[in-house]
file model-v2.csv (CSV, C-alpha atoms)
chain,number,residue,atom,x,y,z
M,1,MET,CA,-19.2,53.4,-110.2
M,2,ALA,CA,-19.5,50.6,-107.6
M,3,ALA,CA,-17.1,50.6,-104.6
M,4,SER,CA,-14.4,47.9,-104.5
M,5,ALA,CA,-13.2,46.0,-101.5
M,6,ILE,CA,-10.0,44.2,-100.5
M,7,ILE,CA,-10.3,40.4,-100.7
M,8,THR,CA,-7.9,38.0,-98.9
M,9,CYS,CA,-7.4,34.5,-100.3
M,10,PRO,CA,-7.5,32.0,-97.3
M,11,GLU,CA,-5.1,29.7,-99.2
M,12,CYS,CA,-2.2,31.8,-100.3
M,13,LYS,CA,-3.0,34.8,-98.0
M,14,LYS,CA,-2.6,37.2,-100.9
M,15,LYS,CA,-4.9,40.3,-101.2
M,16,PHE,CA,-6.5,41.6,-104.3
M,17,LYS,CA,-9.3,44.1,-105.2
M,18,GLY,CA,-12.8,43.0,-106.0
M,19,LYS,CA,-16.4,44.3,-106.2
M,20,ASP,CA,-18.2,45.0,-103.0
M,21,ASP,CA,-21.1,42.8,-104.0
M,22,LEU,CA,-19.0,39.7,-104.1
M,23,GLN,CA,-19.3,39.2,-100.3
M,24,GLY,CA,-20.6,35.8,-99.5
M,25,LYS,CA,-20.1,34.5,-103.1
M,26,LYS,CA,-17.7,31.8,-104.2
M,27,ILE,CA,-14.9,32.9,-106.4
M,28,ARG,CA,-11.5,31.7,-107.6
M,29,CYS,CA,-8.2,33.3,-106.4
M,30,PRO,CA,-6.4,34.9,-109.4
M,31,PHE,CA,-3.1,33.8,-107.9
M,32,CYS,CA,-3.4,30.2,-106.6
M,33,LYS,CA,-6.6,29.4,-108.6
M,34,GLU,CA,-8.3,27.9,-105.4
M,35,PRO,CA,-12.0,28.6,-105.0
M,36,PHE,CA,-13.3,30.1,-101.7
M,37,VAL,CA,-16.2,32.1,-100.3
M,38,VAL,CA,-15.5,35.9,-100.2
M,39,GLU,CA,-15.2,37.5,-96.8
M,40,VAL,CA,-14.6,41.2,-97.1
M,41,ASP,CA,-12.0,42.7,-94.7
M,42,GLU,CA,-13.5,45.1,-92.2
M,43,GLU,CA,-10.6,47.5,-92.4
M,44,ALA,CA,-10.9,48.7,-96.0
M,45,THR,CA,-13.4,49.3,-98.7
M,46,ILE,CA,-11.8,51.4,-101.4
M,47,PRO,CA,-14.1,54.1,-102.7
M,48,PRO,CA,-14.4,54.4,-106.5
M,49,GLY,CA,-11.7,56.4,-108.2
M,50,ALA,CA,-9.2,55.8,-105.4
M,51,GLY,CA,-7.7,52.9,-107.3
M,52,ALA,CA,-4.0,53.4,-108.1
M,53,LYS,CA,-3.8,56.6,-106.1
M,54,SER,CA,-4.2,54.8,-102.8
M,55,ALA,CA,-0.9,53.9,-101.4
M,56,LYS,CA,0.0,51.6,-98.6
M,57,LYS,CA,1.5,53.0,-95.4
M,58,PRO,CA,5.3,52.3,-95.2
M,59,ALA,CA,6.2,49.6,-92.7
M,60,GLU,CA,7.7,50.9,-89.5
M,61,LYS,CA,11.4,50.1,-89.3
M,62,THR,CA,12.6,48.3,-86.3
M,63,PRO,CA,15.4,50.2,-84.6
M,64,PRO,CA,18.7,48.2,-84.5
M,65,LYS,CA,19.7,46.7,-81.2
M,66,PRO,CA,22.4,48.7,-79.4
M,67,VAL,CA,25.9,47.2,-79.6
M,68,PRO,CA,27.3,46.6,-76.2
M,69,ALA,CA,30.5,48.6,-75.3
M,70,ALA,CA,33.8,46.8,-75.4
M,71,GLY,CA,34.3,47.4,-71.6
M,72,GLY,CA,30.8,46.3,-70.6
M,73,ASP,CA,29.9,43.9,-67.7
M,74,ASP,CA,30.3,40.2,-68.1
M,75,ASP,CA,26.5,39.7,-67.6
M,76,ASP,CA,25.9,41.4,-71.0
M,77,ASP,CA,27.6,38.5,-72.8
M,78,GLU,CA,25.3,35.7,-73.9
M,79,PHE,CA,27.6,33.1,-72.4
M,80,GLY,CA,28.8,35.2,-69.4
M,81,GLN,CA,32.3,35.4,-70.8
M,82,GLY,CA,32.6,39.2,-71.2
M,83,SER,CA,34.6,40.9,-73.9
M,84,ASN,CA,37.6,38.5,-73.6
M,85,PRO,CA,36.3,34.9,-73.8
M,86,TYR,CA,39.8,33.5,-74.2
M,87,GLY,CA,41.3,35.0,-71.1
M,88,ILE,CA,42.6,32.9,-68.2
M,89,THR,CA,40.0,32.7,-65.5
M,90,LYS,CA,41.8,30.3,-63.0
M,91,LEU,CA,45.4,29.1,-62.9
M,92,ASP,CA,45.6,25.5,-61.6
M,93,LEU,CA,49.1,24.2,-61.1
M,94,ALA,CA,48.2,21.2,-59.0
M,95,PRO,CA,49.9,17.9,-60.2
M,96,ARG,CA,47.6,15.7,-62.1
M,97,CYS,CA,47.7,12.1,-63.3
M,98,PRO,CA,48.8,11.9,-67.0
M,99,ASN,CA,46.4,9.0,-67.5
M,100,CYS,CA,43.0,10.1,-66.0
M,101,ALA,CA,43.8,13.8,-65.4
M,102,ASN,CA,42.6,13.6,-61.8
M,103,GLU,CA,44.6,15.5,-59.1
M,104,MET,CA,47.4,13.6,-57.5
M,105,GLU,CA,47.6,13.3,-53.7
M,106,SER,CA,50.7,15.5,-53.5
M,107,GLU,CA,53.7,16.7,-55.6
M,108,GLU,CA,55.7,13.7,-54.4
M,109,ALA,CA,53.0,11.1,-55.1
M,110,VAL,CA,53.9,8.4,-57.6
M,111,VAL,CA,50.7,6.3,-57.9
M,112,CYS,CA,47.4,7.9,-58.8
M,113,LEU,CA,44.7,7.0,-56.2
M,114,PHE,CA,41.9,7.1,-58.9
M,115,CYS,CA,43.2,4.9,-61.7
M,116,GLY,CA,46.3,3.3,-60.1
M,117,TYR,CA,48.7,4.6,-62.7
M,118,ASN,CA,52.4,4.6,-61.7
M,119,THR,CA,54.0,7.8,-63.1
M,120,LEU,CA,57.5,6.3,-62.8
M,121,SER,CA,57.1,2.9,-64.3
M,122,ARG,CA,54.2,4.0,-66.5
M,123,THR,CA,52.2,1.0,-65.6
M,124,TRP,CA,48.8,0.4,-63.9
M,125,GLY,CA,48.5,-1.2,-60.5
M,126,LYS,CA,47.2,-4.8,-60.6
M,127,THR,CA,45.3,-6.7,-57.9
M,128,LYS,CA,45.8,-10.3,-57.2
M,129,LYS,CA,44.4,-12.9,-54.8
M,130,VAL,CA,47.0,-14.4,-52.4
M,131,ILE,CA,46.9,-17.0,-49.7
M,132,GLU,CA,47.9,-16.0,-46.1
M,133,LEU,CA,51.5,-16.9,-45.3
M,134,THR,CA,52.1,-19.3,-42.4
M,135,PHE,CA,55.1,-19.9,-40.0
M,136,ARG,CA,56.1,-22.8,-42.2
M,137,ASP,CA,56.3,-20.6,-45.2
M,138,TYR,CA,58.6,-18.1,-43.4
M,139,PHE,CA,60.8,-20.9,-42.0
M,140,MET,CA,61.2,-22.6,-45.4
M,141,HIS,CA,62.1,-19.2,-46.9
M,142,LEU,CA,64.7,-18.4,-44.3
M,143,LEU,CA,66.2,-21.9,-44.1
M,144,PRO,CA,68.6,-21.5,-47.0
M,145,GLY,CA,70.0,-18.3,-45.4
M,146,LEU,CA,70.4,-20.0,-42.0
M,147,LEU,CA,72.2,-22.9,-43.7
M,148,ALA,CA,74.5,-20.4,-45.5
M,149,VAL,CA,75.4,-18.8,-42.1
M,150,LEU,CA,76.1,-22.3,-40.7
M,151,GLY,CA,78.3,-23.0,-43.7
M,152,VAL,CA,80.3,-19.8,-43.2
M,153,LEU,CA,80.9,-20.7,-39.5
M,154,LEU,CA,82.0,-24.2,-40.5
M,155,PHE,CA,84.4,-23.0,-43.2
M,156,ILE,CA,86.0,-20.4,-40.8
M,157,ALA,CA,86.5,-23.1,-38.1
M,158,GLY,CA,87.9,-25.5,-40.7
M,159,THR,CA,90.3,-22.8,-42.0
M,160,ILE,CA,91.6,-22.1,-38.5
M,161,TYR,CA,92.1,-25.8,-37.8
M,162,TYR,CA,93.8,-26.3,-41.1
M,163,CYS,CA,96.2,-23.4,-40.8
M,164,LEU,CA,97.0,-23.5,-37.0
M,165,VAL,CA,96.4,-27.0,-35.7
M,166,LEU,CA,96.9,-29.5,-38.6
M,167,PRO,CA,100.6,-28.4,-39.4
M,168,ASN,CA,101.7,-29.4,-35.8
M,169,MET,CA,100.1,-32.8,-35.9
M,170,LYS,CA,101.8,-36.0,-37.2
M,171,LYS,CA,101.2,-36.2,-40.9
M,172,TRP,CA,101.5,-38.8,-43.6
M,173,GLY,CA,100.9,-39.2,-47.3
M,174,TRP,CA,99.0,-36.5,-49.2
M,175,LEU,CA,98.1,-34.7,-45.9
M,176,GLU,CA,101.7,-33.9,-45.4
M,177,MET,CA,101.9,-32.5,-48.9
M,178,ILE,CA,99.1,-30.0,-48.4
M,179,THR,CA,100.0,-28.8,-44.9
M,180,ASP,CA,103.8,-28.4,-44.9
M,181,HIS,CA,104.0,-25.6,-47.5
M,182,GLU,CA,102.9,-22.1,-46.6
M,183,SER,CA,101.9,-21.3,-50.2
M,184,THR,CA,99.6,-24.2,-50.3
M,185,ARG,CA,97.9,-23.2,-47.0
M,186,LEU,CA,97.6,-19.6,-48.3
M,187,TRP,CA,95.8,-20.7,-51.6
M,188,ILE,CA,93.4,-23.0,-49.8
M,189,ALA,CA,92.6,-20.4,-47.1
M,190,SER,CA,91.9,-17.8,-49.9
M,191,LEU,CA,89.6,-20.2,-51.7
M,192,ILE,CA,87.7,-20.9,-48.5
M,193,LEU,CA,87.4,-17.2,-47.7
M,194,PHE,CA,86.0,-16.5,-51.2
M,195,ILE,CA,83.4,-19.3,-50.6
M,196,CYS,CA,82.5,-17.7,-47.2
M,197,TRP,CA,82.0,-14.3,-48.9
M,198,GLY,CA,79.5,-15.8,-51.3
M,199,LEU,CA,77.6,-17.6,-48.6
M,200,GLY,CA,77.5,-14.6,-46.4
M,201,TYR,CA,76.2,-12.4,-49.2
M,202,PHE,CA,73.4,-14.9,-49.9
M,203,ALA,CA,72.6,-15.1,-46.2
M,204,PHE,CA,72.5,-11.3,-45.8
M,205,ASN,CA,70.0,-10.9,-48.7
M,206,ARG,CA,67.8,-13.7,-47.5
M,207,ILE,CA,67.7,-13.0,-43.7
M,208,VAL,CA,68.1,-9.2,-43.6
M,209,LEU,CA,66.9,-7.7,-46.9
M,210,ASN,CA,64.3,-10.2,-48.1
M,211,THR,CA,62.7,-11.7,-45.0
M,212,LYS,CA,59.2,-12.1,-46.5
M,213,PRO,CA,58.6,-15.1,-48.7
M,214,PRO,CA,56.9,-14.5,-52.1
M,215,ASP,CA,53.1,-14.4,-52.2
M,216,LYS,CA,51.3,-17.6,-53.1
M,217,LEU,CA,48.6,-16.8,-55.6
M,218,LYS,CA,45.1,-18.1,-55.0
M,219,GLU,CA,43.9,-20.2,-57.9
M,220,ASP,CA,40.4,-19.3,-59.2
M,221,LYS,CA,38.1,-22.3,-59.3

call {"tool": "encode", "arguments": {"input": "model-v2.csv", "output": "structure tokens"}}
result
Amino acid sequence: MAASAIITCPECKKKFKGKDDLQGKKIRCPFCKEPFVVEVDEEATIPPGAGAKSAKKPAEKTPPKPVPAAGGDDDDDEFGQGSNPYGITKLDLAPRCPNCANEMESEEAVVCLFCGYNTLSRTWGKTKKVIELTFRDYFMHLLPGLLAVLGVLLFIAGTIYYCLVLPNMKKWGWLEMITDHESTRLWIASLILFICWGLGYFAFNRIVLNTKPPDKLKEDK
């Protein structure tokens, strides 16, 4: 009985048995039906009668990879996070901007230096082009306050003259009516003092608290 050989199909890569004298001849694969020229494997030529008794060697089993211990080093983890990837690695309590999340200059800082966000007013800082202020701008800004101070001085001087000097002078007509009665002088003096208080309040705000005139915006051409 002629010996048989193991033939491998180059198309589907499946092996089957065939006669030894088929080497170099063109046959058709019984599986994929593609024709090819037989090239007998060097590794095996099955002797006659071996047929079904021959058995393939069992494939070697790959041993399973060892499972790392629960308390192993952090380097054993694929991402370097160790056995507790959700643990706190660094506690950062520095104040940060609620808008851009960058670190604030200090705990007392109000404006973020990165995005200009104001944490108190919850607005962003805006830039604007202004014209440089001159002496004339400062003078015109302070002039109403200076006039208010002058008005206070004139009203005080007038009240003193009205209450102390005018009653002793010779009077006639309506002037006698508003200077002879103490109650009339009291009401007029109270009214003048109220006016002086308003003028003084305006002068204090303009000359002391708000000495800088408002910025003049530069118009874009």

call {"tool": "atom_distance", "arguments": {"input": "model-v2.csv", "atom1": "CA of Met140 in chain M", "atom2": "CA of Tyr201 in chain M"}}
result
18.5 Å

call {"tool": "atom_distance", "arguments": {"input": "model-v2.csv", "atom1": "CA of Pro214 in chain M", "atom2": "CA of Leu154 in chain M"}}
result
29.3 Å

call {"tool": "atom_distance", "arguments": {"input": "model-v2.csv", "atom1": "CA of Cys9 in chain M", "atom2": "CA of Phe36 in chain M"}}
result
7.5 Å

call {"tool": "closest_residue", "arguments": {"input": "model-v2.csv", "among": "M:Pro213, M:Pro30, M:Ile192, M:Ala109", "to": "Asp137 in chain M", "atoms": "only C-alpha atoms"}}
result
M:Pro213

call {"tool": "decode", "arguments": {"input": "model-v2.csv", "residues": "range 112-128 of chain M", "atoms": "all heavy atoms", "output": "PDB file, in the first residue's frame"}}
result
ATOM      1  N   CYS M 112      -9.238  87.725  40.037  1.00  0.00           N
ATOM      2  CA  CYS M 112      -8.345  86.714  39.485  1.00  0.00           C
ATOM      3  C   CYS M 112      -7.363  87.380  38.524  1.00  0.00           C
ATOM      4  O   CYS M 112      -7.771  88.146  37.637  1.00  0.00           O
ATOM      5  CB  CYS M 112      -9.142  85.617  38.773  1.00  0.00           C
ATOM      6  SG  CYS M 112      -8.116  84.376  37.968  1.00  0.00           S
ATOM      7  N   LEU M 113      -6.072  87.067  38.669  1.00  0.00           N
ATOM      8  CA  LEU M 113      -5.055  87.671  37.805  1.00  0.00           C
ATOM      9  C   LEU M 113      -5.010  87.024  36.433  1.00  0.00           C
ATOM     10  O   LEU M 113      -4.377  87.555  35.524  1.00  0.00           O
ATOM     11  CB  LEU M 113      -3.679  87.554  38.475  1.00  0.00           C
ATOM     12  CG  LEU M 113      -3.530  88.248  39.831  1.00  0.00           C
ATOM     13  CD1 LEU M 113      -2.139  88.054  40.373  1.00  0.00           C
ATOM     14  CD2 LEU M 113      -3.859  89.732  39.723  1.00  0.00           C
ATOM     15  N   PHE M 114      -5.663  85.882  36.249  1.00  0.00           N
ATOM     16  CA  PHE M 114      -5.608  85.172  34.978  1.00  0.00           C
ATOM     17  C   PHE M 114      -6.755  85.573  34.045  1.00  0.00           C
ATOM     18  O   PHE M 114      -6.547  85.814  32.864  1.00  0.00           O
ATOM     19  CB  PHE M 114      -5.631  83.660  35.214  1.00  0.00           C
ATOM     20  CG  PHE M 114      -4.415  83.147  35.927  1.00  0.00           C
ATOM     21  CD1 PHE M 114      -4.405  83.030  37.306  1.00  0.00           C
ATOM     22  CD2 PHE M 114      -3.282  82.785  35.223  1.00  0.00           C
ATOM     23  CE1 PHE M 114      -3.281  82.562  37.973  1.00  0.00           C
ATOM     24  CE2 PHE M 114      -2.164  82.322  35.871  1.00  0.00           C
ATOM     25  CZ  PHE M 114      -2.162  82.202  37.251  1.00  0.00           C
ATOM     26  N   CYS M 115      -7.977  85.626  34.561  1.00  0.00           N
ATOM     27  CA  CYS M 115      -9.133  85.926  33.709  1.00  0.00           C
ATOM     28  C   CYS M 115      -9.818  87.235  34.074  1.00  0.00           C
ATOM     29  O   CYS M 115     -10.734  87.662  33.378  1.00  0.00           O
ATOM     30  CB  CYS M 115     -10.152  84.789  33.758  1.00  0.00           C
ATOM     31  SG  CYS M 115     -10.913  84.555  35.397  1.00  0.00           S
ATOM     32  N   GLY M 116      -9.407  87.884  35.194  1.00  0.00           N
ATOM     33  CA  GLY M 116     -10.002  89.148  35.584  1.00  0.00           C
ATOM     34  C   GLY M 116     -11.370  89.027  36.230  1.00  0.00           C
ATOM     35  O   GLY M 116     -12.103  90.014  36.305  1.00  0.00           O
ATOM     36  N   TYR M 117     -11.730  87.857  36.719  1.00  0.00           N
ATOM     37  CA  TYR M 117     -13.048  87.652  37.312  1.00  0.00           C
ATOM     38  C   TYR M 117     -13.070  88.194  38.742  1.00  0.00           C
ATOM     39  O   TYR M 117     -12.168  87.917  39.535  1.00  0.00           O
ATOM     40  CB  TYR M 117     -13.386  86.165  37.298  1.00  0.00           C
ATOM     41  CG  TYR M 117     -14.769  85.838  37.810  1.00  0.00           C
ATOM     42  CD1 TYR M 117     -15.889  86.077  37.024  1.00  0.00           C
ATOM     43  CD2 TYR M 117     -14.958  85.292  39.068  1.00  0.00           C
ATOM     44  CE1 TYR M 117     -17.156  85.781  37.474  1.00  0.00           C
ATOM     45  CE2 TYR M 117     -16.225  84.983  39.532  1.00  0.00           C
ATOM     46  CZ  TYR M 117     -17.320  85.229  38.729  1.00  0.00           C
ATOM     47  OH  TYR M 117     -18.568  84.932  39.187  1.00  0.00           O
ATOM     48  N   ASN M 118     -14.104  88.970  39.071  1.00  0.00           N
ATOM     49  CA  ASN M 118     -14.282  89.528  40.400  1.00  0.00           C
ATOM     50  C   ASN M 118     -15.191  88.594  41.193  1.00  0.00           C
ATOM     51  O   ASN M 118     -16.358  88.407  40.841  1.00  0.00           O
ATOM     52  CB  ASN M 118     -14.896  90.930  40.322  1.00  0.00           C
ATOM     53  CG  ASN M 118     -14.847  91.647  41.652  1.00  0.00           C
ATOM     54  OD1 ASN M 118     -15.141  91.079  42.695  1.00  0.00           O
ATOM     55  ND2 ASN M 118     -14.472  92.922  41.611  1.00  0.00           N
ATOM     56  N   THR M 119     -14.657  88.015  42.266  1.00  0.00           N
ATOM     57  CA  THR M 119     -15.422  87.030  43.027  1.00  0.00           C
ATOM     58  C   THR M 119     -16.510  87.662  43.891  1.00  0.00           C
ATOM     59  O   THR M 119     -17.407  86.946  44.344  1.00  0.00           O
ATOM     60  CB  THR M 119     -14.474  86.223  43.930  1.00  0.00           C
ATOM     61  OG1 THR M 119     -13.739  87.124  44.784  1.00  0.00           O
ATOM     62  CG2 THR M 119     -13.478  85.435  43.082  1.00  0.00           C
ATOM     63  N   LEU M 120     -16.464  88.971  44.120  1.00  0.00           N
ATOM     64  CA  LEU M 120     -17.500  89.628  44.917  1.00  0.00           C
ATOM     65  C   LEU M 120     -18.659  90.101  44.047  1.00  0.00           C
ATOM     66  O   LEU M 120     -19.819  89.811  44.331  1.00  0.00           O
ATOM     67  CB  LEU M 120     -16.898  90.812  45.686  1.00  0.00           C
ATOM     68  CG  LEU M 120     -15.875  90.459  46.771  1.00  0.00           C
ATOM     69  CD1 LEU M 120     -15.390  91.710  47.471  1.00  0.00           C
ATOM     70  CD2 LEU M 120     -16.461  89.490  47.790  1.00  0.00           C
ATOM     71  N   SER M 121     -18.346  90.824  42.985  1.00  0.00           N
ATOM     72  CA  SER M 121     -19.398  91.315  42.098  1.00  0.00           C
ATOM     73  C   SER M 121     -19.797  90.304  41.027  1.00  0.00           C
ATOM     74  O   SER M 121     -20.781  90.502  40.322  1.00  0.00           O
ATOM     75  CB  SER M 121     -18.935  92.605  41.415  1.00  0.00           C
ATOM     76  OG  SER M 121     -17.790  92.374  40.617  1.00  0.00           O
ATOM     77  N   ARG M 122     -19.007  89.223  40.894  1.00  0.00           N
ATOM     78  CA  ARG M 122     -19.261  88.173  39.905  1.00  0.00           C
ATOM     79  C   ARG M 122     -19.320  88.750  38.484  1.00  0.00           C
ATOM     80  O   ARG M 122     -20.198  88.402  37.690  1.00  0.00           O
ATOM     81  CB  ARG M 122     -20.552  87.411  40.227  1.00  0.00           C
ATOM     82  CG  ARG M 122     -20.499  86.703  41.575  1.00  0.00           C
ATOM     83  CD  ARG M 122     -21.714  85.840  41.819  1.00  0.00           C
ATOM     84  NE  ARG M 122     -21.658  85.211  43.125  1.00  0.00           N
ATOM     85  CZ  ARG M 122     -21.007  84.092  43.402  1.00  0.00           C
ATOM     86  NH1 ARG M 122     -20.342  83.491  42.434  1.00  0.00           N
ATOM     87  NH2 ARG M 122     -21.005  83.577  44.612  1.00  0.00           N
ATOM     88  N   THR M 123     -18.374  89.630  38.207  1.00  0.00           N
ATOM     89  CA  THR M 123     -18.261  90.213  36.871  1.00  0.00           C
ATOM     90  C   THR M 123     -16.812  90.131  36.423  1.00  0.00           C
ATOM     91  O   THR M 123     -15.895  89.903  37.228  1.00  0.00           O
ATOM     92  CB  THR M 123     -18.722  91.687  36.866  1.00  0.00           C
ATOM     93  OG1 THR M 123     -17.959  92.422  37.837  1.00  0.00           O
ATOM     94  CG2 THR M 123     -20.198  91.788  37.185  1.00  0.00           C
ATOM     95  N   TRP M 124     -16.597  90.339  35.126  1.00  0.00           N
ATOM     96  CA  TRP M 124     -15.242  90.313  34.567  1.00  0.00           C
ATOM     97  C   TRP M 124     -14.718  91.733  34.414  1.00  0.00           C
ATOM     98  O   TRP M 124     -15.488  92.658  34.080  1.00  0.00           O
ATOM     99  CB  TRP M 124     -15.234  89.610  33.207  1.00  0.00           C
ATOM    100  CG  TRP M 124     -15.378  88.148  33.315  1.00  0.00           C
ATOM    101  CD1 TRP M 124     -14.380  87.214  33.367  1.00  0.00           C
ATOM    102  CD2 TRP M 124     -16.601  87.408  33.392  1.00  0.00           C
ATOM    103  NE1 TRP M 124     -14.901  85.946  33.479  1.00  0.00           N
ATOM    104  CE2 TRP M 124     -16.271  86.039  33.497  1.00  0.00           C
ATOM    105  CE3 TRP M 124     -17.942  87.770  33.390  1.00  0.00           C
ATOM    106  CZ2 TRP M 124     -17.221  85.041  33.581  1.00  0.00           C
ATOM    107  CZ3 TRP M 124     -18.889  86.786  33.495  1.00  0.00           C
ATOM    108  CH2 TRP M 124     -18.530  85.433  33.584  1.00  0.00           C
ATOM    109  N   GLY M 125     -13.427  91.906  34.670  1.00  0.00           N
ATOM    110  CA  GLY M 125     -12.809  93.202  34.487  1.00  0.00           C
ATOM    111  C   GLY M 125     -12.771  93.604  33.017  1.00  0.00           C
ATOM    112  O   GLY M 125     -12.519  92.777  32.147  1.00  0.00           O
ATOM    113  N   LYS M 126     -13.050  94.873  32.769  1.00  0.00           N
ATOM    114  CA  LYS M 126     -13.085  95.376  31.407  1.00  0.00           C
ATOM    115  C   LYS M 126     -12.007  96.441  31.226  1.00  0.00           C
ATOM    116  O   LYS M 126     -11.710  97.205  32.143  1.00  0.00           O
ATOM    117  CB  LYS M 126     -14.463  95.967  31.084  1.00  0.00           C
ATOM    118  CG  LYS M 126     -15.602  94.957  31.162  1.00  0.00           C
ATOM    119  CD  LYS M 126     -16.930  95.617  30.839  1.00  0.00           C
ATOM    120  CE  LYS M 126     -18.073  94.611  30.915  1.00  0.00           C
ATOM    121  NZ  LYS M 126     -19.381  95.242  30.615  1.00  0.00           N
ATOM    122  N   THR M 127     -11.431  96.499  30.072  1.00  0.00           N
ATOM    123  CA  THR M 127     -10.433  97.508  29.735  1.00  0.00           C
ATOM    124  C   THR M 127     -11.065  98.573  28.843  1.00  0.00           C
ATOM    125  O   THR M 127     -11.955  98.266  28.045  1.00  0.00           O
ATOM    126  CB  THR M 127      -9.241  96.877  29.004  1.00  0.00           C
ATOM    127  OG1 THR M 127      -9.705  96.220  27.819  1.00  0.00           O
ATOM    128  CG2 THR M 127      -8.535  95.868  29.902  1.00  0.00           C
ATOM    129  N   LYS M 128     -10.603  99.808  29.016  1.00  0.00           N
ATOM    130  CA  LYS M 128     -11.123 100.901  28.207  1.00  0.00           C
ATOM    131  C   LYS M 128     -10.006 101.902  27.945  1.00  0.00           C
ATOM    132  O   LYS M 128      -9.105 102.090  28.768  1.00  0.00           O
ATOM    133  CB  LYS M 128     -12.301 101.581  28.902  1.00  0.00           C
ATOM    134  CG  LYS M 128     -11.994 102.062  30.320  1.00  0.00           C
ATOM    135  CD  LYS M 128     -13.230 102.631  30.983  1.00  0.00           C
ATOM    136  CE  LYS M 128     -12.925 103.084  32.412  1.00  0.00           C
ATOM    137  NZ  LYS M 128     -14.121 103.657  33.070  1.00  0.00           N
TER     138      LYS M 128
END
